[in-house]
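Text of the file target_3.txt, holding compact mmCIF, C-alpha atoms:
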# COMPACT_ATOMS: atom_id res chain seq x y z
CA MET A 1411 139.99 -99.31 88.33
CA ALA A 1412 136.33 -100.29 88.17
CA ASP A 1413 133.99 -99.70 91.07
CA PRO A 1414 133.86 -102.89 93.19
CA ASP A 1415 130.16 -102.31 93.90
CA ALA A 1416 129.22 -101.79 90.24
CA ARG A 1417 127.67 -105.25 90.13
CA ASN A 1418 125.22 -104.12 92.82
CA VAL A 1419 123.92 -101.11 90.89
CA ASN A 1420 120.73 -103.01 89.96
CA ARG A 1421 119.99 -104.21 93.46
CA ALA A 1422 117.08 -102.90 95.45
CA PRO A 1423 117.93 -100.24 98.05
CA SER A 1424 116.71 -102.30 101.00
CA GLU A 1425 120.04 -103.46 102.38
CA GLY A 1426 121.99 -101.68 105.03
CA GLY A 1427 119.71 -99.48 107.12
CA GLU A 1428 119.13 -95.76 106.78
CA HIS A 1429 122.47 -94.95 105.12
CA GLY A 1430 123.42 -98.48 104.16
CA LYS A 1431 125.68 -99.69 101.43
CA TYR A 1432 122.91 -99.86 98.81
CA GLY A 1433 120.86 -96.88 99.92
CA GLY A 1434 118.19 -96.24 102.53
CA ASN A 1435 115.30 -98.42 103.53
CA GLU A 1436 112.85 -97.12 100.95
CA GLY A 1437 112.61 -100.60 99.41
CA ALA A 1438 112.59 -102.50 102.67
CA ASP A 1439 109.31 -104.23 101.94
CA GLY A 1440 110.65 -105.53 98.65
CA TYR A 1441 107.93 -106.93 96.45
CA LYS A 1442 105.51 -108.00 99.23
CA ILE A 1443 102.73 -105.81 97.86
CA GLU A 1444 103.09 -107.16 94.33
CA ILE A 1445 103.22 -110.75 95.57
CA ALA A 1446 100.15 -110.24 97.74
CA SER A 1447 98.16 -108.60 94.94
CA VAL A 1448 98.99 -111.37 92.46
CA LYS A 1449 98.14 -114.03 95.06
CA GLY A 1450 94.83 -112.26 95.61
CA LEU A 1451 93.96 -112.81 91.95
CA ILE A 1452 94.68 -116.52 91.90
CA ALA A 1453 92.13 -117.91 94.39
CA PRO A 1454 89.02 -116.35 92.79
CA LEU A 1455 90.27 -117.30 89.33
CA GLU A 1456 90.86 -120.91 90.38
CA GLU A 1457 87.37 -121.02 91.93
CA SER A 1458 85.92 -119.69 88.69
CA VAL A 1459 87.74 -122.40 86.74
CA ILE A 1460 86.20 -125.03 89.00
CA GLY A 1461 82.73 -123.56 88.40
CA ALA A 1462 83.28 -123.37 84.65
CA ARG A 1463 84.43 -126.99 84.50
CA ALA A 1464 81.38 -128.01 86.55
CA VAL A 1465 79.12 -126.38 83.95
CA LYS A 1466 81.03 -128.01 81.09
CA ASN A 1467 81.04 -131.47 82.65
CA GLY A 1468 77.59 -131.32 84.27
CA GLN A 1469 75.44 -130.66 81.22
CA GLU A 1470 73.45 -133.89 81.62
CA LYS A 1471 72.59 -133.05 85.22
CA LEU A 1472 71.54 -129.52 84.26
CA THR A 1473 69.51 -130.86 81.33
CA SER A 1474 67.70 -133.32 83.61
CA TYR A 1475 66.13 -130.37 85.44
CA LEU A 1476 64.47 -129.37 82.16
CA GLN A 1477 62.74 -132.75 81.65
CA HIS A 1478 59.62 -131.69 83.49
CA CYS A 1479 59.26 -128.18 82.10
CA GLY A 1480 56.09 -129.12 80.25
CA ALA A 1481 56.96 -127.95 76.73
CA PRO A 1482 59.15 -129.91 74.28
CA GLU A 1483 60.24 -126.67 72.61
CA LEU A 1484 61.52 -125.37 75.93
CA LEU A 1485 63.34 -128.65 76.56
CA GLU A 1486 65.11 -128.56 73.17
CA SER A 1487 65.94 -124.88 73.51
CA GLY A 1488 67.33 -125.45 77.01
CA LYS A 1489 69.44 -128.41 75.84
CA GLY A 1490 70.90 -126.31 73.02
CA PHE A 1491 71.64 -123.44 75.38
CA LEU A 1492 73.32 -125.71 77.94
CA LYS A 1493 75.42 -127.38 75.24
CA GLU A 1494 76.70 -124.03 73.94
CA TRP A 1495 77.11 -122.60 77.44
CA GLY A 1496 79.05 -125.69 78.52
CA PHE A 1497 81.35 -125.39 75.52
CA GLY A 1498 82.00 -121.71 76.22
CA MET A 1499 82.65 -122.31 79.90
CA GLY A 1500 85.08 -125.10 79.00
CA GLU A 1501 86.98 -122.74 76.72
CA LEU A 1502 87.06 -120.10 79.45
CA ALA A 1503 88.36 -122.63 81.95
CA ASP A 1504 91.15 -123.71 79.59
CA HIS A 1505 92.29 -120.13 79.06
CA ALA A 1506 91.96 -119.30 82.75
CA ASP A 1507 94.25 -122.24 83.56
CA ALA A 1508 96.93 -120.63 81.39
CA VAL A 1509 96.43 -117.31 83.18
CA VAL A 1510 96.74 -118.99 86.60
CA GLU A 1511 99.95 -120.66 85.48
CA ARG A 1512 101.41 -117.30 84.40
CA LEU A 1513 100.34 -115.74 87.70
CA TYR A 1514 102.24 -118.42 89.61
CA GLU A 1515 105.27 -117.70 87.41
CA ALA A 1516 104.95 -114.00 88.23
CA ILE A 1517 104.87 -114.76 91.97
CA ALA A 1518 107.99 -116.91 91.62
CA GLY A 1519 109.71 -114.10 89.71
CA TYR A 1520 108.78 -111.51 92.33
CA MET A 1521 109.98 -113.80 95.12
CA LEU A 1522 113.33 -114.40 93.41
CA ALA A 1523 113.70 -110.69 92.66
CA ASP A 1524 112.96 -109.95 96.32
CA LEU A 1525 115.54 -112.49 97.52
CA MET A 1526 118.15 -111.16 95.08
CA ARG A 1527 117.22 -107.55 95.95
CA ILE A 1528 116.64 -106.63 92.33
CA LYS A 1529 115.21 -103.18 91.82
CA ASP A 1530 112.77 -102.18 89.06
CA PHE A 1531 111.58 -105.75 88.53
CA TRP A 1532 108.26 -106.55 86.96
CA PRO A 1533 107.43 -109.98 85.49
CA SER A 1534 107.68 -109.27 81.77
CA ASP A 1535 108.96 -112.09 79.56
CA GLU A 1536 112.27 -110.24 79.12
CA ASN A 1537 112.78 -109.72 82.85
CA MET A 1538 111.80 -113.29 83.72
CA ALA A 1539 114.44 -114.54 81.25
CA LYS A 1540 117.09 -112.35 82.93
CA LEU A 1541 116.58 -113.89 86.38
CA PRO A 1542 119.36 -116.27 87.42
CA SER A 1543 118.67 -119.97 87.12
CA GLY A 1544 120.61 -122.52 89.11
CA THR A 1545 123.95 -122.27 90.85
CA ALA A 1546 125.86 -121.06 87.80
CA GLY A 1547 123.34 -118.29 87.15
CA LYS A 1548 123.51 -117.11 90.76
CA TRP A 1549 127.32 -117.18 90.70
CA SER A 1550 127.31 -115.15 87.49
CA TRP A 1551 124.98 -112.56 89.04
CA GLU A 1552 127.13 -112.24 92.14
CA HIS A 1553 130.56 -112.21 90.49
CA VAL A 1554 130.09 -110.93 86.94
CA GLY A 1555 127.10 -108.66 87.34
CA ALA A 1556 123.36 -108.58 86.96
CA PRO A 1557 121.68 -107.50 83.75
CA GLU A 1558 119.59 -104.36 83.90
CA MET A 1559 115.88 -105.03 84.19
CA GLU A 1560 113.48 -103.56 81.66
CA LYS A 1561 111.51 -100.69 83.13
CA ARG A 1562 107.77 -101.02 83.49
CA PRO A 1563 106.10 -99.15 80.64
CA GLU A 1564 104.74 -95.84 81.80
CA ASP A 1565 101.67 -95.90 79.62
CA THR A 1566 100.31 -99.37 78.89
CA ALA A 1567 97.34 -100.20 76.72
CA LEU A 1568 95.43 -101.23 79.85
CA SER A 1569 96.08 -97.90 81.57
CA LYS A 1570 94.99 -96.03 78.42
CA PHE A 1571 91.80 -98.12 78.29
CA ALA A 1572 91.13 -97.48 82.00
CA ARG A 1573 91.59 -93.72 81.53
CA THR A 1574 89.17 -93.81 78.58
CA LEU A 1575 86.53 -95.57 80.67
CA GLN A 1576 87.16 -93.25 83.58
CA SER A 1577 86.70 -90.13 81.48
CA GLU A 1578 83.66 -91.61 79.74
CA TYR A 1579 81.82 -92.61 82.89
CA GLY A 1580 83.25 -90.06 85.31
CA ASP A 1581 84.16 -92.69 87.90
CA GLU A 1582 86.38 -91.07 90.51
CA SER A 1583 87.24 -94.30 92.31
CA TRP A 1584 90.26 -94.99 90.03
For this file, write the structure as structure tokens.
Amino acid sequence: MADPDARNVNRAPSEGGEHGKYGGNEGADGYKIEIASVKGLIAPLEESVIGARAVKNGQEKLTSYLQHCGAPELLESGKGFLKEWGFGMGELADHADAVVERLYEAIAGYMLADLMRIKDFWPSDENMAKLPSGTAGKWSWEHVGAPEMEKRPEDTALSKFARTLQSEYGDESW
């Protein structure tokens, strides 16, 4: 006969106290740290988007400050710079909006994983697709079993890049 708790093998070990049904309390904080760190990224990014859009949409106002510079060459050069700068800041704002949207999705994924006590969760596209959606998805998780989450890669391109910079510049703060 199959183990009746087999469906709980992928649950986080935060239920049940020191020697509880699913392990000790080593995961008792769930994903609070991950949620807090992702939330900490969103506010400054959203503020940057607002600033970038202000540059993009306020080119006339910025150009008006150049009207009294005294040299027509400086005025034309300044207008050209502000036009290109405004375009670039608009592009940055558009891409940053997409990043903010993905960060909110990651927070929602972490919150759901925390509520469902899913261990080894990280918000990759594959893991986000495995989270239950709706009543039927939740029922399936509870009665049929939860899919195994993909493990976080041990050595990502970002970590390799950070190690390269660290070794190159000798920064010990990492």
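Coordinates place CA of Gly1547 in chain A at a distance of 13.5 Å from CA of Ala1523 in chain A.
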Would you list the contacts of Ile1452 in chain A as a short mmCIF file (atom, residue, chain, number, x, y, z; two decimals) with C-alpha atoms, keeping the file's coordinate frame, taking every protein, DNA or RNA residue within 10 Å and counting all atoms listed in the file, but skipping same-chain residues closer than 5 positions in sequence?
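Writing done, so here's part_26.cif:
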data_model
loop_
_atom_site.label_atom_id
_atom_site.label_comp_id
_atom_site.auth_asym_id
_atom_site.auth_seq_id
_atom_site.Cartn_x
_atom_site.Cartn_y
_atom_site.Cartn_z
CA SER A 1447 98.16 -108.60 94.94
CA GLU A 1457 87.37 -121.02 91.93
CA SER A 1458 85.92 -119.69 88.69
CA ALA A 1506 91.96 -119.30 82.75
CA VAL A 1509 96.43 -117.31 83.18
CA VAL A 1510 96.74 -118.99 86.60
CA GLU A 1511 99.95 -120.66 85.48
CA LEU A 1513 100.34 -115.74 87.70
CA TYR A 1514 102.24 -118.42 89.61
#
Can you pull out every residue within 7 Å of range 1555-1560 of chain A, counting all atoms listed in the file, but drop anything in the same chain fewer than 2 positions away, and send it as number ranges by chain? A: 1417, 1420, 1530-1531, 1537, 1540, 1550-1553, 1562
Residues just named, written with C-alpha atoms as an mmCIF file, in the frame of the given file:
data_model
loop_
_atom_site.group_PDB
_atom_site.id
_atom_site.type_symbol
_atom_site.label_atom_id
_atom_site.label_comp_id
_atom_site.auth_asym_id
_atom_site.auth_seq_id
_atom_site.Cartn_x
_atom_site.Cartn_y
_atom_site.Cartn_z
ATOM 1 C CA ARG A 1417 127.670 -105.250 90.130
ATOM 2 C CA ASN A 1420 120.730 -103.010 89.960
ATOM 3 C CA ASP A 1530 112.770 -102.180 89.060
ATOM 4 C CA PHE A 1531 111.580 -105.750 88.530
ATOM 5 C CA ASN A 1537 112.780 -109.720 82.850
ATOM 6 C CA LYS A 1540 117.090 -112.350 82.930
ATOM 7 C CA SER A 1550 127.310 -115.150 87.490
ATOM 8 C CA TRP A 1551 124.980 -112.560 89.040
ATOM 9 C CA GLU A 1552 127.130 -112.240 92.140
ATOM 10 C CA HIS A 1553 130.560 -112.210 90.490
ATOM 11 C CA ARG A 1562 107.770 -101.020 83.490
#
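Proximity of A:Ala1516, A:Pro1563, A:Ser1534, A:Ala1539 to Glu1444 in chain A, computed with only C-alpha atoms, is greatest for A:Ala1516.
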Top pick for closest residue to Ile1460 in chain A, considering A:Met1499, A:Ala1572, A:Ala1546, A:Ile1517 and counting all atoms listed in the file: A:Met1499
Range 1521-1553 of chain A from the block above, C-alpha atoms, as a short mmCIF file (atom, residue, chain, number, x, y, z; two decimals), in the first residue's frame, please?
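This is the output file part-v7.cif:
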data_model
loop_
_atom_site.label_atom_id
_atom_site.label_comp_id
_atom_site.auth_asym_id
_atom_site.auth_seq_id
_atom_site.Cartn_x
_atom_site.Cartn_y
_atom_site.Cartn_z
CA MET A 1521 3.00 33.86 -1.17
CA LEU A 1522 1.10 30.92 -2.66
CA ALA A 1523 4.07 28.60 -2.11
CA ASP A 1524 4.21 29.79 1.50
CA LEU A 1525 0.49 29.18 2.02
CA MET A 1526 0.71 25.73 0.42
CA ARG A 1527 3.93 24.97 2.34
CA ILE A 1528 5.83 24.08 -0.80
CA LYS A 1529 9.51 23.46 -0.27
CA ASP A 1530 12.27 24.31 -2.75
CA PHE A 1531 10.16 26.92 -4.54
CA TRP A 1532 11.68 29.68 -6.59
CA PRO A 1533 9.71 31.67 -9.18
CA SER A 1534 11.00 30.17 -12.42
CA ASP A 1535 8.55 29.93 -15.31
CA GLU A 1536 8.35 26.14 -14.81
CA ASN A 1537 7.62 26.41 -11.08
CA MET A 1538 5.08 29.19 -11.54
CA ALA A 1539 3.20 26.98 -14.03
CA LYS A 1540 3.14 24.12 -11.49
CA LEU A 1541 1.37 26.17 -8.80
CA PRO A 1542 -2.29 25.28 -8.36
CA SER A 1543 -4.83 27.58 -9.93
CA GLY A 1544 -8.41 27.71 -8.72
CA THR A 1545 -10.42 25.24 -6.70
CA ALA A 1546 -9.78 22.28 -8.99
CA GLY A 1547 -6.03 22.87 -8.92
CA LYS A 1548 -6.00 23.06 -5.12
CA TRP A 1549 -8.10 19.90 -4.85
CA SER A 1550 -5.72 18.10 -7.19
CA TRP A 1551 -2.73 19.18 -5.10
CA GLU A 1552 -4.35 18.01 -1.88
CA HIS A 1553 -5.81 14.72 -3.10
#
